[in-house]
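As stored in run16.tsv (TSV, C-alpha atoms):
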```tsv
chain	number	residue	atom	x	y	z
A	1	MET	CA	-85.22	-60.19	-14.06
A	2	GLU	CA	-83.05	-62.37	-11.83
A	3	LYS	CA	-79.31	-62.28	-12.48
A	4	ILE	CA	-77.65	-65.71	-12.55
A	5	MET	CA	-74.04	-66.84	-12.79
A	6	PHE	CA	-73.19	-70.54	-13.22
A	7	ASP	CA	-69.88	-71.85	-11.99
A	8	SER	CA	-68.21	-74.53	-14.12
A	9	ASN	CA	-69.73	-77.48	-12.25
A	10	ALA	CA	-73.22	-76.05	-12.83
A	11	PHE	CA	-72.58	-76.01	-16.60
A	12	SER	CA	-71.64	-79.67	-16.40
A	13	SER	CA	-74.72	-80.46	-14.31
A	14	LEU	CA	-76.93	-78.81	-16.93
A	15	LEU	CA	-75.35	-80.75	-19.77
A	16	ASN	CA	-75.55	-84.02	-17.81
A	17	SER	CA	-79.22	-83.51	-16.93
A	18	ASN	CA	-82.19	-84.62	-18.99
A	19	ILE	CA	-83.06	-80.99	-19.75
A	20	ASP	CA	-83.15	-79.99	-23.41
A	21	TRP	CA	-80.67	-77.16	-22.87
A	22	THR	CA	-80.87	-76.09	-26.50
A	23	ASN	CA	-84.39	-74.79	-25.74
A	24	PHE	CA	-83.99	-74.18	-22.01
A	25	PHE	CA	-82.51	-70.70	-22.27
A	26	SER	CA	-85.02	-69.41	-24.80
A	27	MET	CA	-87.83	-70.68	-22.54
A	28	CYS	CA	-86.36	-68.69	-19.64
A	29	GLU	CA	-86.05	-65.47	-21.61
A	30	GLY	CA	-87.37	-62.57	-19.57
A	31	LYS	CA	-87.02	-64.40	-16.25
A	32	TYR	CA	-83.24	-64.74	-16.02
A	33	GLU	CA	-80.27	-62.76	-17.17
A	34	PHE	CA	-77.06	-64.81	-17.30
A	35	PHE	CA	-73.54	-63.60	-16.61
A	36	VAL	CA	-70.11	-65.19	-17.09
A	37	THR	CA	-66.48	-64.18	-16.57
A	38	ALA	CA	-63.50	-64.92	-18.79
A	39	LEU	CA	-62.40	-67.37	-16.08
A	40	GLN	CA	-65.40	-69.61	-16.68
A	41	ILE	CA	-64.90	-69.48	-20.44
A	42	GLU	CA	-61.25	-70.46	-19.96
A	43	GLU	CA	-62.18	-73.32	-17.62
A	44	LEU	CA	-64.62	-74.67	-20.18
A	45	SER	CA	-62.17	-74.25	-23.05
A	46	GLU	CA	-59.55	-76.25	-21.13
A	47	ILE	CA	-61.63	-79.43	-21.27
A	48	PRO	CA	-59.12	-81.84	-22.87
A	49	ASP	CA	-59.27	-82.97	-26.49
A	50	SER	CA	-60.09	-86.46	-25.27
A	51	LYS	CA	-63.44	-84.95	-24.27
A	52	LYS	CA	-63.75	-82.70	-27.33
A	53	GLU	CA	-67.50	-83.36	-27.73
A	54	THR	CA	-68.08	-82.27	-24.12
A	55	ARG	CA	-66.06	-79.09	-24.66
A	56	ILE	CA	-68.08	-78.27	-27.78
A	57	GLN	CA	-71.36	-78.84	-25.92
A	58	HIS	CA	-70.23	-76.56	-23.10
A	59	MET	CA	-69.35	-73.80	-25.56
A	60	LEU	CA	-72.62	-74.17	-27.46
A	61	CYS	CA	-74.50	-74.06	-24.17
A	62	LEU	CA	-72.66	-70.88	-23.22
A	63	CYS	CA	-73.65	-69.31	-26.55
A	64	GLN	CA	-77.27	-70.38	-26.09
A	65	MET	CA	-77.31	-68.67	-22.67
A	66	ARG	CA	-76.49	-65.33	-24.28
A	67	ALA	CA	-74.53	-64.61	-21.13
A	68	LYS	CA	-73.10	-61.17	-20.62
A	69	MET	CA	-69.37	-61.31	-20.02
A	70	VAL	CA	-68.25	-59.33	-17.00
A	71	PRO	CA	-64.71	-58.70	-15.77
A	72	ASN	CA	-63.17	-60.53	-12.87
A	73	ILE	CA	-60.78	-58.92	-10.41
A	74	LEU	CA	-57.12	-58.81	-11.27
A	75	VAL	CA	-55.16	-61.58	-9.55
A	76	LEU	CA	-51.64	-62.19	-10.81
A	77	ASP	CA	-51.14	-65.55	-12.56
A	78	TYR	CA	-54.91	-66.00	-12.94
A	79	SER	CA	-56.26	-62.96	-14.75
A	80	ARG	CA	-55.95	-61.73	-18.29
A	81	PHE	CA	-55.44	-58.05	-18.94
A	82	GLY	CA	-58.38	-56.61	-20.79
A	83	PHE	CA	-60.79	-58.99	-19.05
A	84	SER	CA	-60.00	-57.93	-15.48
A	85	ILE	CA	-60.48	-54.95	-13.23
A	86	PHE	CA	-58.73	-53.80	-10.07
A	87	ALA	CA	-60.56	-54.83	-6.92
A	88	ASP	CA	-62.10	-52.11	-4.79
A	89	GLU	CA	-59.54	-51.62	-2.04
A	90	ASN	CA	-62.31	-51.49	0.57
A	91	ASP	CA	-63.99	-54.71	-0.57
A	92	THR	CA	-62.78	-57.84	1.22
A	93	THR	CA	-65.00	-60.30	-0.65
A	94	TYR	CA	-62.20	-62.04	-2.55
A	95	GLY	CA	-60.10	-62.56	0.58
A	96	ASP	CA	-63.12	-63.67	2.58
A	97	LEU	CA	-63.95	-66.32	-0.03
A	98	LEU	CA	-60.47	-67.84	-0.17
A	99	PHE	CA	-59.88	-71.06	1.72
A	100	GLU	CA	-56.95	-70.95	4.14
A	101	SER	CA	-54.97	-73.13	1.73
A	102	GLY	CA	-55.69	-70.72	-1.15
A	103	SER	CA	-56.84	-73.68	-3.25
A	104	ASN	CA	-59.92	-71.91	-4.61
A	105	VAL	CA	-58.54	-68.72	-6.18
A	106	ILE	CA	-60.68	-69.02	-9.31
A	107	ASP	CA	-63.83	-69.81	-7.31
A	108	ALA	CA	-63.18	-66.77	-5.11
A	109	MET	CA	-62.74	-64.58	-8.19
A	110	ILE	CA	-66.02	-65.87	-9.67
A	111	GLY	CA	-67.79	-65.34	-6.33
A	112	GLU	CA	-66.51	-61.76	-6.15
A	113	ALA	CA	-67.77	-61.11	-9.71
A	114	ALA	CA	-71.17	-62.58	-8.84
A	115	LYS	CA	-71.44	-60.28	-5.83
A	116	ARG	CA	-70.32	-57.21	-7.78
A	117	GLU	CA	-72.88	-57.90	-10.53
A	118	GLY	CA	-75.69	-58.76	-8.09
A	119	CYS	CA	-75.95	-62.35	-9.32
A	120	THR	CA	-77.10	-65.51	-7.64
A	121	LEU	CA	-74.29	-68.03	-8.03
A	122	VAL	CA	-75.34	-71.54	-9.07
A	123	THR	CA	-72.88	-74.08	-7.66
A	124	ASP	CA	-72.84	-77.54	-6.12
A	125	ASP	CA	-69.63	-76.95	-4.15
A	126	THR	CA	-71.00	-77.24	-0.59
A	127	LYS	CA	-67.79	-76.10	1.10
A	128	PHE	CA	-67.72	-72.98	-1.07
A	129	ILE	CA	-71.45	-72.33	-0.56
A	130	SER	CA	-70.87	-71.81	3.16
A	131	LYS	CA	-68.19	-69.19	2.37
A	132	LEU	CA	-70.51	-67.49	-0.12
A	133	HIS	CA	-73.31	-67.30	2.44
A	134	LYS	CA	-70.97	-65.75	5.03
A	135	VAL	CA	-70.25	-62.81	2.72
A	136	GLY	CA	-73.89	-62.44	1.65
A	137	ILE	CA	-73.74	-63.79	-1.88
A	138	PRO	CA	-77.03	-65.44	-2.89
A	139	THR	CA	-76.33	-69.04	-3.83
A	140	ILE	CA	-78.36	-72.00	-5.00
A	141	THR	CA	-77.46	-75.49	-6.09
A	142	PHE	CA	-78.09	-76.64	-9.63
A	143	ASP	CA	-81.02	-78.80	-8.48
A	144	GLU	CA	-82.58	-75.83	-6.66
A	145	PHE	CA	-82.16	-73.70	-9.76
A	146	MET	CA	-83.88	-76.31	-11.90
A	147	ARG	CA	-86.76	-76.73	-9.41
A	148	ASN	CA	-87.31	-72.96	-9.45
A	149	SER	CA	-86.70	-72.42	-13.17
A	150	CYS	CA	-89.28	-71.53	-15.74
A	151	ILE	CA	-89.60	-75.04	-17.16
A	152	GLN	CA	-90.59	-76.89	-14.00
```

Now that the file is in, can you turn its structure into C-alpha cells?
Amino acid sequence: MEKIMFDSNAFSSLLNSNIDWTNFFSMCEGKYEFFVTALQIEELSEIPDSKKETRIQHMLCLCQMRAKMVPNILVLDYSRFGFSIFADENDTTYGDLLFESGSNVIDAMIGEAAKREGCTLVTDDTKFISKLHKVGIPTITFDEFMRNSCIQ
C-alpha cells in the first residue's frame, strides 16, 4: 500500500475538483494509506468563518480519508506539545527544506514528517517540490496523483 500525505493546497485541489471525494477514499481503499500531521489539521481549521462551508468540507474530507495522524517535529512557536516529537539530531531534513528566508517553516515540518513516515507528499508548490526532491522525498502534484489514482 502506498503511503500518501496531502499538504493543505492538495486538500483544496481535491475539494475544488470534479471528483466525488465522498466516495473517492473508499474507492482507493487498499491502494493508499493516508497520513496527516496536527499542523495540517490546524491549517484547515483556521479557514475563516467567512468560508465556514469550505472549512466544514475540508474537515469532512479529512475524516473520509481515515488518515493516520503522525507527529511533526518540535519547532518552537509552531508545534503543540503532545503532537510533536524531537527531531533526530543527525537528520538535517527540516533544515534542508527551509527556504533561506525561513518563510516555509510549516511546509518544512510537513515534509520532514512525510519523509519520516515514508510518504509521498502531494503538493502543487513547485518551489517546495524542488527542495523536496533534493532531500529525496517522493513528491507528486495533485494532478499527477489523480491521474495515477484508482478512479482514473

*Considering all atoms listed in the file, state which residue in the set A:Ile110, A:Ser17, A:Phe99, A:Asp124 is at the smallest distance from Phe142 of chain A.*
A:Asp124

Go through segment 34-137 of chain A residue by residue and, counting only C-alpha atoms, keep those with an atom at most 9 Å from segment 3-15 of chain A; for each kept residue give the shortest atom pair and its distance in Å to one decimal, ordered by chain and increasing number, as a tab-separated table.
```
residue	atom	partner	partner_atom	distance
A:Phe34	CA	A:Ile4	CA	4.9
A:Phe35	CA	A:Met5	CA	5.0
A:Val36	CA	A:Met5	CA	6.1
A:Thr37	CA	A:Met5	CA	8.9
A:Gln40	CA	A:Ser8	CA	6.2
A:Ile41	CA	A:Ser8	CA	8.7
A:Glu43	CA	A:Ser8	CA	7.1
A:Leu44	CA	A:Ser8	CA	7.0
A:Thr54	CA	A:Leu15	CA	8.6
A:Gln57	CA	A:Leu15	CA	7.6
A:His58	CA	A:Phe11	CA	6.9
A:Cys61	CA	A:Phe11	CA	8.0
A:Leu62	CA	A:Phe11	CA	8.4
A:Ala67	CA	A:Met5	CA	8.6
A:Asp107	CA	A:Asp7	CA	7.9
A:Ile110	CA	A:Asp7	CA	7.5
A:Gly111	CA	A:Asp7	CA	8.9
A:Ala114	CA	A:Met5	CA	6.5
A:Glu117	CA	A:Lys3	CA	8.0
A:Gly118	CA	A:Lys3	CA	6.7
A:Cys119	CA	A:Lys3	CA	4.6
A:Thr120	CA	A:Ile4	CA	4.9
A:Leu121	CA	A:Met5	CA	4.9
A:Val122	CA	A:Phe6	CA	4.8
A:Thr123	CA	A:Ala10	CA	5.5
A:Asp124	CA	A:Asn9	CA	6.9
A:Asp125	CA	A:Asn9	CA	8.1
```

Can you spit out the residues from that selection as a CSV table (one decimal), in the frame of the given file, using C-alpha atoms?
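Listing of again.csv after writing:
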```
chain,number,residue,atom,x,y,z
A,34,PHE,CA,-77.1,-64.8,-17.3
A,35,PHE,CA,-73.5,-63.6,-16.6
A,36,VAL,CA,-70.1,-65.2,-17.1
A,37,THR,CA,-66.5,-64.2,-16.6
A,40,GLN,CA,-65.4,-69.6,-16.7
A,41,ILE,CA,-64.9,-69.5,-20.4
A,43,GLU,CA,-62.2,-73.3,-17.6
A,44,LEU,CA,-64.6,-74.7,-20.2
A,54,THR,CA,-68.1,-82.3,-24.1
A,57,GLN,CA,-71.4,-78.8,-25.9
A,58,HIS,CA,-70.2,-76.6,-23.1
A,61,CYS,CA,-74.5,-74.1,-24.2
A,62,LEU,CA,-72.7,-70.9,-23.2
A,67,ALA,CA,-74.5,-64.6,-21.1
A,107,ASP,CA,-63.8,-69.8,-7.3
A,110,ILE,CA,-66.0,-65.9,-9.7
A,111,GLY,CA,-67.8,-65.3,-6.3
A,114,ALA,CA,-71.2,-62.6,-8.8
A,117,GLU,CA,-72.9,-57.9,-10.5
A,118,GLY,CA,-75.7,-58.8,-8.1
A,119,CYS,CA,-76.0,-62.4,-9.3
A,120,THR,CA,-77.1,-65.5,-7.6
A,121,LEU,CA,-74.3,-68.0,-8.0
A,122,VAL,CA,-75.3,-71.5,-9.1
A,123,THR,CA,-72.9,-74.1,-7.7
A,124,ASP,CA,-72.8,-77.5,-6.1
A,125,ASP,CA,-69.6,-77.0,-4.2
```

_Å distance separating atom CA of Ile137 of chain A from atom CA of Asp20 of chain A, one decimal place_ =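 So the answer is 28.5 Å.
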
*At what distance in Å, to one decimal, does atom CA of Ile129 of chain A lie from atom CA of Arg66 of chain A?*
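A separation of 25.2 Å between them.
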
*A:Asn72, A:Phe145, A:Ser130, A:Thr22: which is nearest Met59 of chain A, counting all atoms listed in the file?*
A:Thr22

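The interatomic distance for the pair atom CA of Glu112 of chain A and atom CA of Tyr94 of chain A works out to 5.6 Å.
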
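Take the candidates A:Ala113, A:Val135, A:Met69, A:Met1 and check each one against Asp96 of chain A using only C-alpha atoms; the shortest distance goes to A:Val135.
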
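Remark: for Thr139 of chain A, the closest of the candidate residues A:Thr126, A:Glu100, A:Lys52, A:Val70 is A:Thr126 (distances computed over all atoms listed in the file).
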
*Proximity to Met65 of chain A - best of A:Leu98, A:Ala38, A:Met109, A:Cys28, all atoms listed in the file*: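 Of all the options, A:Cys28 lies closest to Met65 of chain A.
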
_Option closest in space to Ser45 of chain A, from A:Leu97, A:Lys127, A:Leu60, A:Asp88 [counting only C-alpha atoms]_ =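 Between A:Leu97, A:Lys127, A:Leu60, A:Asp88, the residue approaching Ser45 of chain A most closely is A:Leu60.
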
Atom completion result for segment 33-55 of chain A (N, CA and C atoms) as a PDB file, in the coordinates of the input:
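The new file out.pdb reads:
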```
ATOM      1  N   GLU A  33     -81.342 -63.375 -16.410  1.00  0.00           N
ATOM      2  CA  GLU A  33     -80.270 -62.760 -17.170  1.00  0.00           C
ATOM      3  C   GLU A  33     -78.990 -63.455 -16.709  1.00  0.00           C
ATOM      4  N   PHE A  34     -78.226 -64.005 -17.652  1.00  0.00           N
ATOM      5  CA  PHE A  34     -77.060 -64.810 -17.300  1.00  0.00           C
ATOM      6  C   PHE A  34     -75.771 -64.026 -17.494  1.00  0.00           C
ATOM      7  N   PHE A  35     -74.828 -64.274 -16.592  1.00  0.00           N
ATOM      8  CA  PHE A  35     -73.540 -63.600 -16.610  1.00  0.00           C
ATOM      9  C   PHE A  35     -72.427 -64.637 -16.528  1.00  0.00           C
ATOM     10  N   VAL A  36     -71.269 -64.298 -17.088  1.00  0.00           N
ATOM     11  CA  VAL A  36     -70.110 -65.190 -17.090  1.00  0.00           C
ATOM     12  C   VAL A  36     -68.853 -64.317 -17.076  1.00  0.00           C
ATOM     13  N   THR A  37     -67.778 -64.870 -16.531  1.00  0.00           N
ATOM     14  CA  THR A  37     -66.480 -64.180 -16.570  1.00  0.00           C
ATOM     15  C   THR A  37     -65.574 -64.920 -17.550  1.00  0.00           C
ATOM     16  N   ALA A  38     -64.485 -64.274 -17.925  1.00  0.00           N
ATOM     17  CA  ALA A  38     -63.500 -64.920 -18.790  1.00  0.00           C
ATOM     18  C   ALA A  38     -62.942 -66.180 -18.135  1.00  0.00           C
ATOM     19  N   LEU A  39     -62.898 -66.194 -16.800  1.00  0.00           N
ATOM     20  CA  LEU A  39     -62.400 -67.370 -16.080  1.00  0.00           C
ATOM     21  C   LEU A  39     -63.221 -68.612 -16.390  1.00  0.00           C
ATOM     22  N   GLN A  40     -64.537 -68.459 -16.398  1.00  0.00           N
ATOM     23  CA  GLN A  40     -65.400 -69.610 -16.680  1.00  0.00           C
ATOM     24  C   GLN A  40     -65.235 -70.070 -18.128  1.00  0.00           C
ATOM     25  N   ILE A  41     -65.110 -69.119 -19.035  1.00  0.00           N
ATOM     26  CA  ILE A  41     -64.900 -69.480 -20.440  1.00  0.00           C
ATOM     27  C   ILE A  41     -63.583 -70.230 -20.585  1.00  0.00           C
ATOM     28  N   GLU A  42     -62.542 -69.762 -19.906  1.00  0.00           N
ATOM     29  CA  GLU A  42     -61.250 -70.460 -19.960  1.00  0.00           C
ATOM     30  C   GLU A  42     -61.341 -71.858 -19.367  1.00  0.00           C
ATOM     31  N   GLU A  43     -62.039 -71.996 -18.233  1.00  0.00           N
ATOM     32  CA  GLU A  43     -62.180 -73.320 -17.620  1.00  0.00           C
ATOM     33  C   GLU A  43     -62.855 -74.287 -18.592  1.00  0.00           C
ATOM     34  N   LEU A  44     -63.903 -73.809 -19.251  1.00  0.00           N
ATOM     35  CA  LEU A  44     -64.620 -74.670 -20.180  1.00  0.00           C
ATOM     36  C   LEU A  44     -63.781 -74.979 -21.419  1.00  0.00           C
ATOM     37  N   SER A  45     -62.989 -74.016 -21.861  1.00  0.00           N
ATOM     38  CA  SER A  45     -62.170 -74.250 -23.050  1.00  0.00           C
ATOM     39  C   SER A  45     -60.995 -75.181 -22.766  1.00  0.00           C
ATOM     40  N   GLU A  46     -60.656 -75.379 -21.497  1.00  0.00           N
ATOM     41  CA  GLU A  46     -59.550 -76.250 -21.130  1.00  0.00           C
ATOM     42  C   GLU A  46     -59.964 -77.717 -20.964  1.00  0.00           C
ATOM     43  N   ILE A  47     -61.219 -78.023 -21.270  1.00  0.00           N
ATOM     44  CA  ILE A  47     -61.630 -79.430 -21.270  1.00  0.00           C
ATOM     45  C   ILE A  47     -60.769 -80.126 -22.323  1.00  0.00           C
ATOM     46  N   PRO A  48     -60.114 -81.224 -21.970  1.00  0.00           N
ATOM     47  CA  PRO A  48     -59.120 -81.840 -22.870  1.00  0.00           C
ATOM     48  C   PRO A  48     -59.716 -82.349 -24.183  1.00  0.00           C
ATOM     49  N   ASP A  49     -58.840 -82.477 -25.181  1.00  0.00           N
ATOM     50  CA  ASP A  49     -59.270 -82.970 -26.490  1.00  0.00           C
ATOM     51  C   ASP A  49     -59.872 -84.361 -26.422  1.00  0.00           C
ATOM     52  N   SER A  50     -59.493 -85.135 -25.411  1.00  0.00           N
ATOM     53  CA  SER A  50     -60.090 -86.460 -25.270  1.00  0.00           C
ATOM     54  C   SER A  50     -61.586 -86.370 -24.972  1.00  0.00           C
ATOM     55  N   LYS A  51     -62.019 -85.201 -24.537  1.00  0.00           N
ATOM     56  CA  LYS A  51     -63.440 -84.950 -24.270  1.00  0.00           C
ATOM     57  C   LYS A  51     -63.924 -83.802 -25.158  1.00  0.00           C
ATOM     58  N   LYS A  52     -63.472 -83.795 -26.388  1.00  0.00           N
ATOM     59  CA  LYS A  52     -63.750 -82.700 -27.330  1.00  0.00           C
ATOM     60  C   LYS A  52     -65.259 -82.445 -27.487  1.00  0.00           C
ATOM     61  N   GLU A  53     -66.046 -83.511 -27.575  1.00  0.00           N
ATOM     62  CA  GLU A  53     -67.500 -83.360 -27.730  1.00  0.00           C
ATOM     63  C   GLU A  53     -68.103 -82.626 -26.528  1.00  0.00           C
ATOM     64  N   THR A  54     -67.614 -82.935 -25.331  1.00  0.00           N
ATOM     65  CA  THR A  54     -68.080 -82.270 -24.120  1.00  0.00           C
ATOM     66  C   THR A  54     -67.723 -80.784 -24.155  1.00  0.00           C
ATOM     67  N   ARG A  55     -66.494 -80.487 -24.570  1.00  0.00           N
ATOM     68  CA  ARG A  55     -66.060 -79.090 -24.660  1.00  0.00           C
ATOM     69  C   ARG A  55     -66.940 -78.326 -25.646  1.00  0.00           C
TER      70      ARG A  55
END
```
